[in-house]
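The structure file start-v9.pdb is reproduced below (PDB, C-alpha atoms, pLDDT in the B column).
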ATOM      1  CA  MET I  29      30.295 -62.868  -6.842  1.00 38.00           C
ATOM      2  CA  ASN I  30      27.863 -64.410  -4.366  1.00 42.00           C
ATOM      3  CA  GLN I  31      24.415 -64.481  -5.977  1.00 49.00           C
ATOM      4  CA  SER I  32      22.623 -66.030  -2.986  1.00 50.00           C
ATOM      5  CA  ARG I  33      20.737 -62.875  -2.019  1.00 53.00           C
ATOM      6  CA  PRO I  34      19.074 -62.275  -5.407  1.00 73.00           C
ATOM      7  CA  LYS I  35      18.123 -65.979  -5.543  1.00 76.00           C
ATOM      8  CA  VAL I  36      16.572 -65.720  -2.089  1.00 70.00           C
ATOM      9  CA  LYS I  37      14.566 -62.653  -3.178  1.00 75.00           C
ATOM     10  CA  LYS I  38      13.517 -64.454  -6.335  1.00 75.00           C
ATOM     11  CA  SER I  39      12.482 -67.480  -4.276  1.00 75.00           C
ATOM     12  CA  ARG I  40      10.329 -65.347  -2.017  1.00 72.00           C
ATOM     13  CA  ALA I  41       8.769 -63.486  -4.943  1.00 76.00           C
ATOM     14  CA  LEU I  42       7.825 -66.770  -6.657  1.00 80.00           C
ATOM     15  CA  GLY I  43       6.816 -68.602  -3.480  1.00 77.00           C
ATOM     16  CA  ILE I  44       9.268 -71.512  -3.931  1.00 75.00           C
ATOM     17  CA  ALA I  45      12.793 -72.166  -2.622  1.00 69.00           C
ATOM     18  CA  LEU I  46      15.116 -72.284  -5.647  1.00 76.00           C
ATOM     19  CA  THR I  47      18.260 -73.304  -3.718  1.00 72.00           C
ATOM     20  CA  PRO I  48      18.906 -75.235  -0.478  1.00 71.00           C
ATOM     21  CA  LYS I  49      20.267 -71.983   1.005  1.00 67.00           C
ATOM     22  CA  ALA I  50      17.019 -70.212   0.151  1.00 62.00           C
ATOM     23  CA  VAL I  51      15.004 -72.757   2.155  1.00 63.00           C
ATOM     24  CA  ARG I  52      16.214 -71.268   5.482  1.00 64.00           C
ATOM     25  CA  TYR I  53      15.418 -67.698   4.491  1.00 59.00           C
ATOM     26  CA  PHE I  54      12.119 -68.777   2.989  1.00 57.00           C
ATOM     27  CA  GLU I  55      11.022 -70.408   6.259  1.00 64.00           C
ATOM     28  CA  LYS I  56      11.692 -67.138   8.119  1.00 62.00           C
ATOM     29  CA  ARG I  57      10.048 -64.853   5.559  1.00 59.00           C
ATOM     30  CA  PRO I  58       7.466 -66.797   3.508  1.00 55.00           C
ATOM     31  CA  TYR I  59       6.171 -63.664   1.799  1.00 56.00           C
ATOM     32  CA  PRO I  60       7.363 -61.614  -1.194  1.00 56.00           C
ATOM     33  CA  PRO I  61      10.333 -59.232  -0.741  1.00 52.00           C
ATOM     34  CA  GLY I  62       9.985 -55.453  -0.422  1.00 54.00           C
ATOM     35  CA  GLU I  63       8.176 -53.204   2.036  1.00 51.00           C
ATOM     36  CA  HIS I  64       4.774 -54.205   0.656  1.00 49.00           C
ATOM     37  CA  GLY I  65       5.573 -57.906   0.578  1.00 51.00           C
ATOM     38  CA  ARG I  66       3.060 -58.769   3.287  1.00 53.00           C
ATOM     39  CA  GLY I  67       0.308 -56.470   2.012  1.00 49.00           C
ATOM     40  CA  ARG I  68      -2.751 -57.660   0.168  1.00 51.00           C
ATOM     41  CA  LYS I  69      -2.210 -57.887  -3.556  1.00 58.00           C
ATOM     42  CA  GLN I  70      -4.890 -57.794  -6.200  1.00 59.00           C
ATOM     43  CA  THR I  71      -4.754 -60.905  -8.266  1.00 74.00           C
ATOM     44  CA  SER I  72      -6.122 -61.622 -11.729  1.00 89.00           C
ATOM     45  CA  ASP I  73      -6.394 -64.877 -13.687  1.00 92.00           C
ATOM     46  CA  TYR I  74      -3.631 -63.622 -15.966  1.00 94.00           C
ATOM     47  CA  LYS I  75      -1.357 -62.880 -13.001  1.00 93.00           C
ATOM     48  CA  VAL I  76      -1.925 -66.333 -11.496  1.00 94.00           C
ATOM     49  CA  ARG I  77      -1.010 -68.026 -14.794  1.00 95.00           C
ATOM     50  CA  LEU I  78       1.979 -65.737 -15.353  1.00 95.00           C
ATOM     51  CA  LEU I  79       3.324 -66.493 -11.862  1.00 94.00           C
ATOM     52  CA  GLU I  80       2.985 -70.243 -12.416  1.00 96.00           C
ATOM     53  CA  LYS I  81       4.879 -69.968 -15.718  1.00 97.00           C
ATOM     54  CA  GLN I  82       7.617 -67.912 -14.024  1.00 95.00           C
ATOM     55  CA  ARG I  83       7.872 -70.470 -11.208  1.00 94.00           C
ATOM     56  CA  LEU I  84       8.393 -73.282 -13.713  1.00 97.00           C
ATOM     57  CA  ARG I  85      10.940 -71.245 -15.680  1.00 96.00           C
ATOM     58  CA  ALA I  86      12.883 -70.449 -12.499  1.00 95.00           C
ATOM     59  CA  GLN I  87      13.071 -74.088 -11.398  1.00 96.00           C
ATOM     60  CA  TYR I  88      14.823 -74.971 -14.655  1.00 97.00           C
ATOM     61  CA  ASP I  89      16.649 -71.603 -14.895  1.00 95.00           C
ATOM     62  CA  ILE I  90      15.679 -71.099 -18.536  1.00 96.00           C
ATOM     63  CA  SER I  91      14.865 -68.076 -20.698  1.00 95.00           C
ATOM     64  CA  GLU I  92      11.408 -67.179 -21.956  1.00 96.00           C
ATOM     65  CA  ARG I  93      12.444 -68.188 -25.481  1.00 96.00           C
ATOM     66  CA  GLN I  94      13.584 -71.634 -24.291  1.00 97.00           C
ATOM     67  CA  MET I  95      10.327 -72.065 -22.386  1.00 97.00           C
ATOM     68  CA  ALA I  96       8.205 -71.095 -25.401  1.00 97.00           C
ATOM     69  CA  ARG I  97      10.138 -73.544 -27.626  1.00 97.00           C
ATOM     70  CA  ALA I  98       9.638 -76.345 -25.102  1.00 97.00           C
ATOM     71  CA  TYR I  99       5.916 -75.547 -25.017  1.00 98.00           C
ATOM     72  CA  ASP I 100       5.718 -75.690 -28.833  1.00 97.00           C
ATOM     73  CA  ARG I 101       7.346 -79.141 -28.806  1.00 97.00           C
ATOM     74  CA  ALA I 102       5.052 -80.330 -25.999  1.00 97.00           C
ATOM     75  CA  ARG I 103       1.951 -79.256 -27.957  1.00 96.00           C
ATOM     76  CA  LYS I 104       2.836 -81.758 -30.681  1.00 96.00           C
ATOM     77  CA  VAL I 105       2.990 -84.682 -28.251  1.00 95.00           C
ATOM     78  CA  GLU I 106      -0.074 -86.895 -27.761  1.00 94.00           C
ATOM     79  CA  GLY I 107      -1.672 -86.615 -24.333  1.00 93.00           C
ATOM     80  CA  LYS I 108      -1.684 -83.747 -21.846  1.00 96.00           C
ATOM     81  CA  THR I 109       0.386 -80.775 -23.029  1.00 97.00           C
ATOM     82  CA  GLY I 110       1.259 -79.687 -19.478  1.00 97.00           C
ATOM     83  CA  GLU I 111       2.718 -83.061 -18.544  1.00 97.00           C
ATOM     84  CA  ALA I 112       4.567 -83.256 -21.870  1.00 98.00           C
ATOM     85  CA  LEU I 113       6.058 -79.802 -21.199  1.00 98.00           C
ATOM     86  CA  ILE I 114       7.504 -80.793 -17.833  1.00 98.00           C
ATOM     87  CA  ILE I 115       8.852 -84.085 -19.203  1.00 97.00           C
ATOM     88  CA  GLU I 116      10.438 -82.106 -22.068  1.00 97.00           C
ATOM     89  CA  LEU I 117      12.154 -79.748 -19.592  1.00 98.00           C
ATOM     90  CA  GLU I 118      13.216 -82.600 -17.325  1.00 98.00           C
ATOM     91  CA  ARG I 119      15.147 -84.232 -20.176  1.00 98.00           C
ATOM     92  CA  ARG I 120      17.489 -81.230 -20.343  1.00 98.00           C
ATOM     93  CA  LEU I 121      21.075 -82.216 -19.532  1.00 98.00           C
ATOM     94  CA  ASP I 122      21.489 -79.665 -16.726  1.00 98.00           C
ATOM     95  CA  ALA I 123      18.236 -80.793 -15.049  1.00 98.00           C
ATOM     96  CA  LEU I 124      19.347 -84.437 -15.037  1.00 98.00           C
ATOM     97  CA  VAL I 125      22.836 -83.535 -13.745  1.00 98.00           C
ATOM     98  CA  LEU I 126      21.022 -81.922 -10.807  1.00 96.00           C
ATOM     99  CA  ARG I 127      18.608 -84.830 -10.229  1.00 96.00           C
ATOM    100  CA  SER I 128      21.453 -87.376 -10.306  1.00 97.00           C
ATOM    101  CA  GLY I 129      23.202 -85.762  -7.336  1.00 96.00           C
ATOM    102  CA  LEU I 130      26.221 -84.521  -9.326  1.00 97.00           C
ATOM    103  CA  ALA I 131      25.253 -80.904  -8.535  1.00 96.00           C
ATOM    104  CA  ARG I 132      23.624 -79.112  -5.600  1.00 94.00           C
ATOM    105  CA  THR I 133      21.551 -76.588  -7.565  1.00 94.00           C
ATOM    106  CA  ILE I 134      20.357 -76.073 -11.134  1.00 96.00           C
ATOM    107  CA  TYR I 135      22.783 -73.129 -11.355  1.00 96.00           C
ATOM    108  CA  GLN I 136      25.747 -75.334 -10.451  1.00 97.00           C
ATOM    109  CA  ALA I 137      24.562 -78.054 -12.847  1.00 97.00           C
ATOM    110  CA  ARG I 138      24.370 -75.549 -15.702  1.00 97.00           C
ATOM    111  CA  GLN I 139      27.875 -74.284 -14.914  1.00 98.00           C
ATOM    112  CA  MET I 140      29.279 -77.832 -14.910  1.00 98.00           C
ATOM    113  CA  VAL I 141      27.847 -78.424 -18.380  1.00 98.00           C
ATOM    114  CA  VAL I 142      28.859 -75.040 -19.846  1.00 98.00           C
ATOM    115  CA  HIS I 143      32.433 -75.436 -18.562  1.00 98.00           C
ATOM    116  CA  GLY I 144      32.802 -78.717 -20.434  1.00 98.00           C
ATOM    117  CA  HIS I 145      32.956 -81.098 -17.462  1.00 98.00           C
ATOM    118  CA  ILE I 146      30.127 -83.378 -18.672  1.00 98.00           C
ATOM    119  CA  ALA I 147      30.043 -86.015 -21.404  1.00 98.00           C
ATOM    120  CA  VAL I 148      27.103 -87.880 -22.945  1.00 98.00           C
ATOM    121  CA  ASN I 149      27.943 -91.340 -24.293  1.00 98.00           C
ATOM    122  CA  GLY I 150      31.632 -90.432 -24.003  1.00 98.00           C
ATOM    123  CA  ARG I 151      31.410 -87.176 -25.984  1.00 98.00           C
ATOM    124  CA  LYS I 152      31.725 -83.733 -24.390  1.00 98.00           C
ATOM    125  CA  VAL I 153      28.474 -81.765 -24.364  1.00 98.00           C
ATOM    126  CA  ASP I 154      28.548 -78.121 -23.238  1.00 98.00           C
ATOM    127  CA  LYS I 155      24.908 -77.173 -23.953  1.00 98.00           C
ATOM    128  CA  PRO I 156      22.683 -77.285 -20.854  1.00 98.00           C
ATOM    129  CA  SER I 157      19.629 -77.555 -23.160  1.00 97.00           C
ATOM    130  CA  PHE I 158      20.899 -80.820 -24.716  1.00 98.00           C
ATOM    131  CA  ARG I 159      17.989 -83.292 -24.584  1.00 97.00           C
ATOM    132  CA  VAL I 160      19.026 -86.597 -23.050  1.00 98.00           C
ATOM    133  CA  ARG I 161      17.380 -89.704 -24.525  1.00 98.00           C
ATOM    134  CA  PRO I 162      16.606 -93.028 -22.818  1.00 98.00           C
ATOM    135  CA  ASP I 163      19.741 -95.237 -22.541  1.00 98.00           C
ATOM    136  CA  ASP I 164      22.090 -92.229 -22.845  1.00 98.00           C
ATOM    137  CA  VAL I 165      24.944 -92.420 -20.319  1.00 98.00           C
ATOM    138  CA  VAL I 166      26.041 -89.120 -18.771  1.00 98.00           C
ATOM    139  CA  SER I 167      29.368 -88.908 -16.953  1.00 98.00           C
ATOM    140  CA  VAL I 168      31.931 -86.466 -15.607  1.00 98.00           C
ATOM    141  CA  ARG I 169      34.888 -86.221 -17.974  1.00 98.00           C
ATOM    142  CA  GLU I 170      38.126 -87.845 -16.826  1.00 97.00           C
ATOM    143  CA  ARG I 171      40.072 -84.571 -16.624  1.00 96.00           C
ATOM    144  CA  SER I 172      37.410 -82.976 -14.379  1.00 98.00           C
ATOM    145  CA  ARG I 173      37.011 -85.735 -11.801  1.00 97.00           C
ATOM    146  CA  ALA I 174      39.578 -84.374  -9.341  1.00 97.00           C
ATOM    147  CA  LYS I 175      37.822 -80.993  -9.090  1.00 97.00           C
ATOM    148  CA  HIS I 176      36.319 -80.199  -5.681  1.00 97.00           C
ATOM    149  CA  PRO I 177      32.589 -80.232  -6.640  1.00 97.00           C
ATOM    150  CA  PHE I 178      32.931 -83.717  -8.109  1.00 98.00           C
ATOM    151  CA  LEU I 179      34.829 -85.021  -5.073  1.00 97.00           C
ATOM    152  CA  VAL I 180      31.889 -83.776  -2.971  1.00 97.00           C
ATOM    153  CA  ALA I 181      29.389 -85.386  -5.384  1.00 97.00           C
ATOM    154  CA  ARG I 182      31.243 -88.720  -5.286  1.00 96.00           C
ATOM    155  CA  GLU I 183      30.861 -88.793  -1.497  1.00 95.00           C
ATOM    156  CA  GLY I 184      27.120 -88.154  -1.838  1.00 94.00           C
ATOM    157  CA  GLY I 185      27.421 -84.532  -0.702  1.00 93.00           C
ATOM    158  CA  TYR I 186      24.645 -83.316  -3.027  1.00 92.00           C
ATOM    159  CA  ALA I 187      22.530 -86.470  -3.133  1.00 84.00           C
ATOM    160  CA  GLY I 188      21.033 -85.710   0.282  1.00 69.00           C
ATOM    161  CA  GLU I 189      19.076 -82.759  -1.134  1.00 60.00           C
ATOM    162  CA  GLY I 190      16.421 -85.092  -2.528  1.00 67.00           C
ATOM    163  CA  GLU I 191      15.617 -88.659  -3.524  1.00 80.00           C
ATOM    164  CA  THR I 192      17.038 -89.871  -6.830  1.00 90.00           C
ATOM    165  CA  PRO I 193      14.144 -90.204  -9.321  1.00 94.00           C
ATOM    166  CA  ARG I 194      13.326 -93.721 -10.531  1.00 95.00           C
ATOM    167  CA  TYR I 195      13.983 -92.880 -14.174  1.00 97.00           C
ATOM    168  CA  LEU I 196      17.709 -92.486 -13.440  1.00 97.00           C
ATOM    169  CA  GLN I 197      20.276 -95.211 -12.762  1.00 97.00           C
ATOM    170  CA  VAL I 198      22.999 -93.404 -10.789  1.00 97.00           C
ATOM    171  CA  ASN I 199      26.528 -94.506  -9.857  1.00 97.00           C
ATOM    172  CA  LEU I 200      27.993 -91.614  -7.848  1.00 97.00           C
ATOM    173  CA  GLU I 201      31.277 -93.429  -7.247  1.00 97.00           C
ATOM    174  CA  ALA I 202      31.776 -93.555 -11.021  1.00 98.00           C
ATOM    175  CA  LEU I 203      30.341 -90.000 -11.359  1.00 98.00           C
ATOM    176  CA  ALA I 204      27.919 -91.273 -13.973  1.00 98.00           C
ATOM    177  CA  PHE I 205      24.238 -91.954 -14.551  1.00 98.00           C
ATOM    178  CA  ARG I 206      21.926 -93.320 -17.215  1.00 98.00           C
ATOM    179  CA  LEU I 207      18.455 -92.173 -18.223  1.00 98.00           C
ATOM    180  CA  ASP I 208      16.584 -95.488 -18.139  1.00 97.00           C
ATOM    181  CA  ARG I 209      13.329 -94.172 -19.649  1.00 97.00           C
ATOM    182  CA  ASP I 210      11.279 -91.029 -20.125  1.00 95.00           C
ATOM    183  CA  PRO I 211      10.136 -89.658 -16.749  1.00 96.00           C
ATOM    184  CA  ASN I 212       6.503 -89.701 -15.610  1.00 95.00           C
ATOM    185  CA  ARG I 213       5.140 -86.343 -14.475  1.00 95.00           C
ATOM    186  CA  ARG I 214       4.373 -87.589 -10.945  1.00 95.00           C
ATOM    187  CA  GLU I 215       8.029 -88.617 -10.495  1.00 95.00           C
ATOM    188  CA  ILE I 216       9.453 -85.207 -11.400  1.00 96.00           C
ATOM    189  CA  PRO I 217      10.203 -83.130  -8.267  1.00 93.00           C
ATOM    190  CA  VAL I 218       8.961 -79.826  -9.667  1.00 94.00           C
ATOM    191  CA  ILE I 219       6.393 -77.603  -7.938  1.00 92.00           C
ATOM    192  CA  CYS I 220       3.973 -76.526 -10.632  1.00 94.00           C
ATOM    193  CA  ASP I 221       0.342 -76.573 -11.696  1.00 96.00           C
ATOM    194  CA  GLU I 222       1.229 -77.167 -15.334  1.00 97.00           C
ATOM    195  CA  GLN I 223      -2.349 -76.655 -16.518  1.00 96.00           C
ATOM    196  CA  LEU I 224      -2.041 -72.968 -15.580  1.00 97.00           C
ATOM    197  CA  VAL I 225       1.139 -72.744 -17.685  1.00 97.00           C
ATOM    198  CA  VAL I 226      -0.685 -74.275 -20.665  1.00 97.00           C
ATOM    199  CA  GLU I 227      -3.533 -71.771 -20.194  1.00 97.00           C
ATOM    200  CA  TYR I 228      -0.986 -68.931 -20.097  1.00 97.00           C
ATOM    201  CA  TYR I 229       0.475 -69.900 -23.495  1.00 96.00           C
ATOM    202  CA  ALA I 230      -2.899 -70.799 -25.018  1.00 93.00           C
ATOM    203  CA  ARG I 231      -4.431 -67.384 -24.255  1.00 86.00           C
TER
END

Rewrite the structure of this file - the entire thing - as structure tokens.
Amino acid sequence: MNQSRPKVKKSRALGIALTPKAVRYFEKRPYPPGEHGRGRKQTSDYKVRLLEKQRLRAQYDISERQMARAYDRARKVEGKTGEALIIELERRLDALVLRSGLARTIYQARQMVVHGHIAVNGRKVDKPSFRVRPDDVVSVRERSRAKHPFLVAREGGYAGEGETPRYLQVNLEALAFRLDRDPNRREIPVICDEQLVVEYYAR
């Protein structure tokens, strides 16, 4: 079933394009969906913080429970909680599969992991929430390499969607990448005012 329309609506509601396909629609209609989408909306501090949290959740395609757990872990890290939260989310296996150019969207990256096509240090991992550590090597499993999405990825078909972040060492021909180090917040291509997210959870 083609889910592009709901994702486009979701993109417009959140004010960010969640898929490359949504970018085109978003340029034509950069306002929320529905007949009152262009009307004035009353906004409260709570609503602003809630929207920012929902935007971050949507970019990683995670549940509220997963988001709350990530926030709890980030709170225990020294330094800014907001930055720690985004670095925590960025180390998810599905997020790094997307950043490496092996997948076109976070939804496709998640599917690749869940369907058992991805290995970490040579061992199959089918949990999108798996936290990749520096020096871990992520690769497409041998039996999956002939599948169409990976043939496209090998030719750089998904890499054009954005620049490969500096914290990844990518070899698309080998369908593999390594996390060289923990990412820095400024390198992570996520649209978010993380301080608002922290204020949402700290309320």

Item to check | Expected selection from the PyMOL selection byres ((chain I and resi 164-179) around 8), given as a ChimeraX atom specification | outcome: /I:130-131,145-150,152,160-163,180-183,202-208

Sort by chain and increasing residue number a table of all residues of segment 96-140 of chain I within 12 Å of segment 223-228 of chain I, each with its closest pair of atoms and their distance in Å to one decimal, counting all atoms listed in the file, and write it as a tab-separated table.
residue	atom	partner	partner_atom	distance
I:Ala96	CA	I:Val226	CA	10.6
I:Ala98	CA	I:Val226	CA	11.4
I:Tyr99	CA	I:Val226	CA	8.0
I:Asp100	CA	I:Val226	CA	10.5
I:Ala102	CA	I:Val226	CA	9.9
I:Arg103	CA	I:Val226	CA	9.2
I:Lys108	CA	I:Gln223	CA	8.9
I:Thr109	CA	I:Val226	CA	7.0
I:Gly110	CA	I:Gln223	CA	5.6
I:Glu111	CA	I:Gln223	CA	8.4
I:Ala112	CA	I:Val226	CA	10.5
I:Leu113	CA	I:Val226	CA	8.7
I:Ile114	CA	I:Val225	CA	10.3

Item to check | Neighbour list for Pro193 of chain I as JSON, numbers by chain, cut-off 10 Å, only C-alpha atoms, skip fewer than 4 positions in-chain | outcome: {"I": [124, 127, 128, 197, 198, 211, 212, 215, 216, 217]}

Next on the checklist: Between atom CA of Lys35 of chain I and atom CA of Leu200 of chain I, what is the distance in Å, rounded to a tenth?
Outcome noted: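 According to the coordinates, atom CA of Lys35 of chain I and atom CA of Leu200 of chain I are separated by 27.6 Å.
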
Item to check | the PyMOL selection byres ((chain I and resi 159) around 7) applied to the shown file, residues as a list in words | outcome: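 Selection result, ordered by chain and number: Arg119, Arg120, Leu121, Ser157, Phe158, Val160 and Arg161 of chain I.
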
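Between atom CA of Arg209 of chain I and atom CA of Val125 of chain I the interatomic distance comes to 15.4 Å.
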
Checklist entry - Residues around (5.4, -61.8, -8.3), cut-off 7 Å, counting all atoms listed in the file - what are they as a ChimeraX atom specification? => result /I:41-42,79

Checklist entry - Just so the selection is clear, what residues does the PyMOL selection byres ((chain I and resi 134) around 7) cover here, as a list in words? => result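 Checking the PyMOL selection byres ((chain I and resi 134) around 7) against this file, the residues are Tyr88, Asp89, Asp122, Ala123, Leu126, Thr133, Tyr135, Gln136, Ala137 and Arg138 of chain I.
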
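Between Arg40 of chain I and the candidates I:Ala86, I:Val218, I:Val153, I:Ile115, the tightest atom-to-atom separation, counting only C-alpha atoms, involves I:Ala86.
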
Checklist entry - For the atom pair atom CA of Pro34 of chain I and atom CA of Gln82 of chain I, what is the interatomic distance in Å to one decimal place? => result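 One can read the atom CA of Pro34 of chain I to atom CA of Gln82 of chain I distance as 15.4 Å.
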
Step by step, gather every atom of segment 162-175 of chain I that the file lists, find the box along x, y and z that holds them, add 8 Å on each side, and finally give centre and edge lengths in Å to one decimal, as JSON.
{"center_x": 28.3, "center_y": -88.1, "center_z": -16.0, "size_x": 39.5, "size_y": 30.2, "size_z": 29.8}
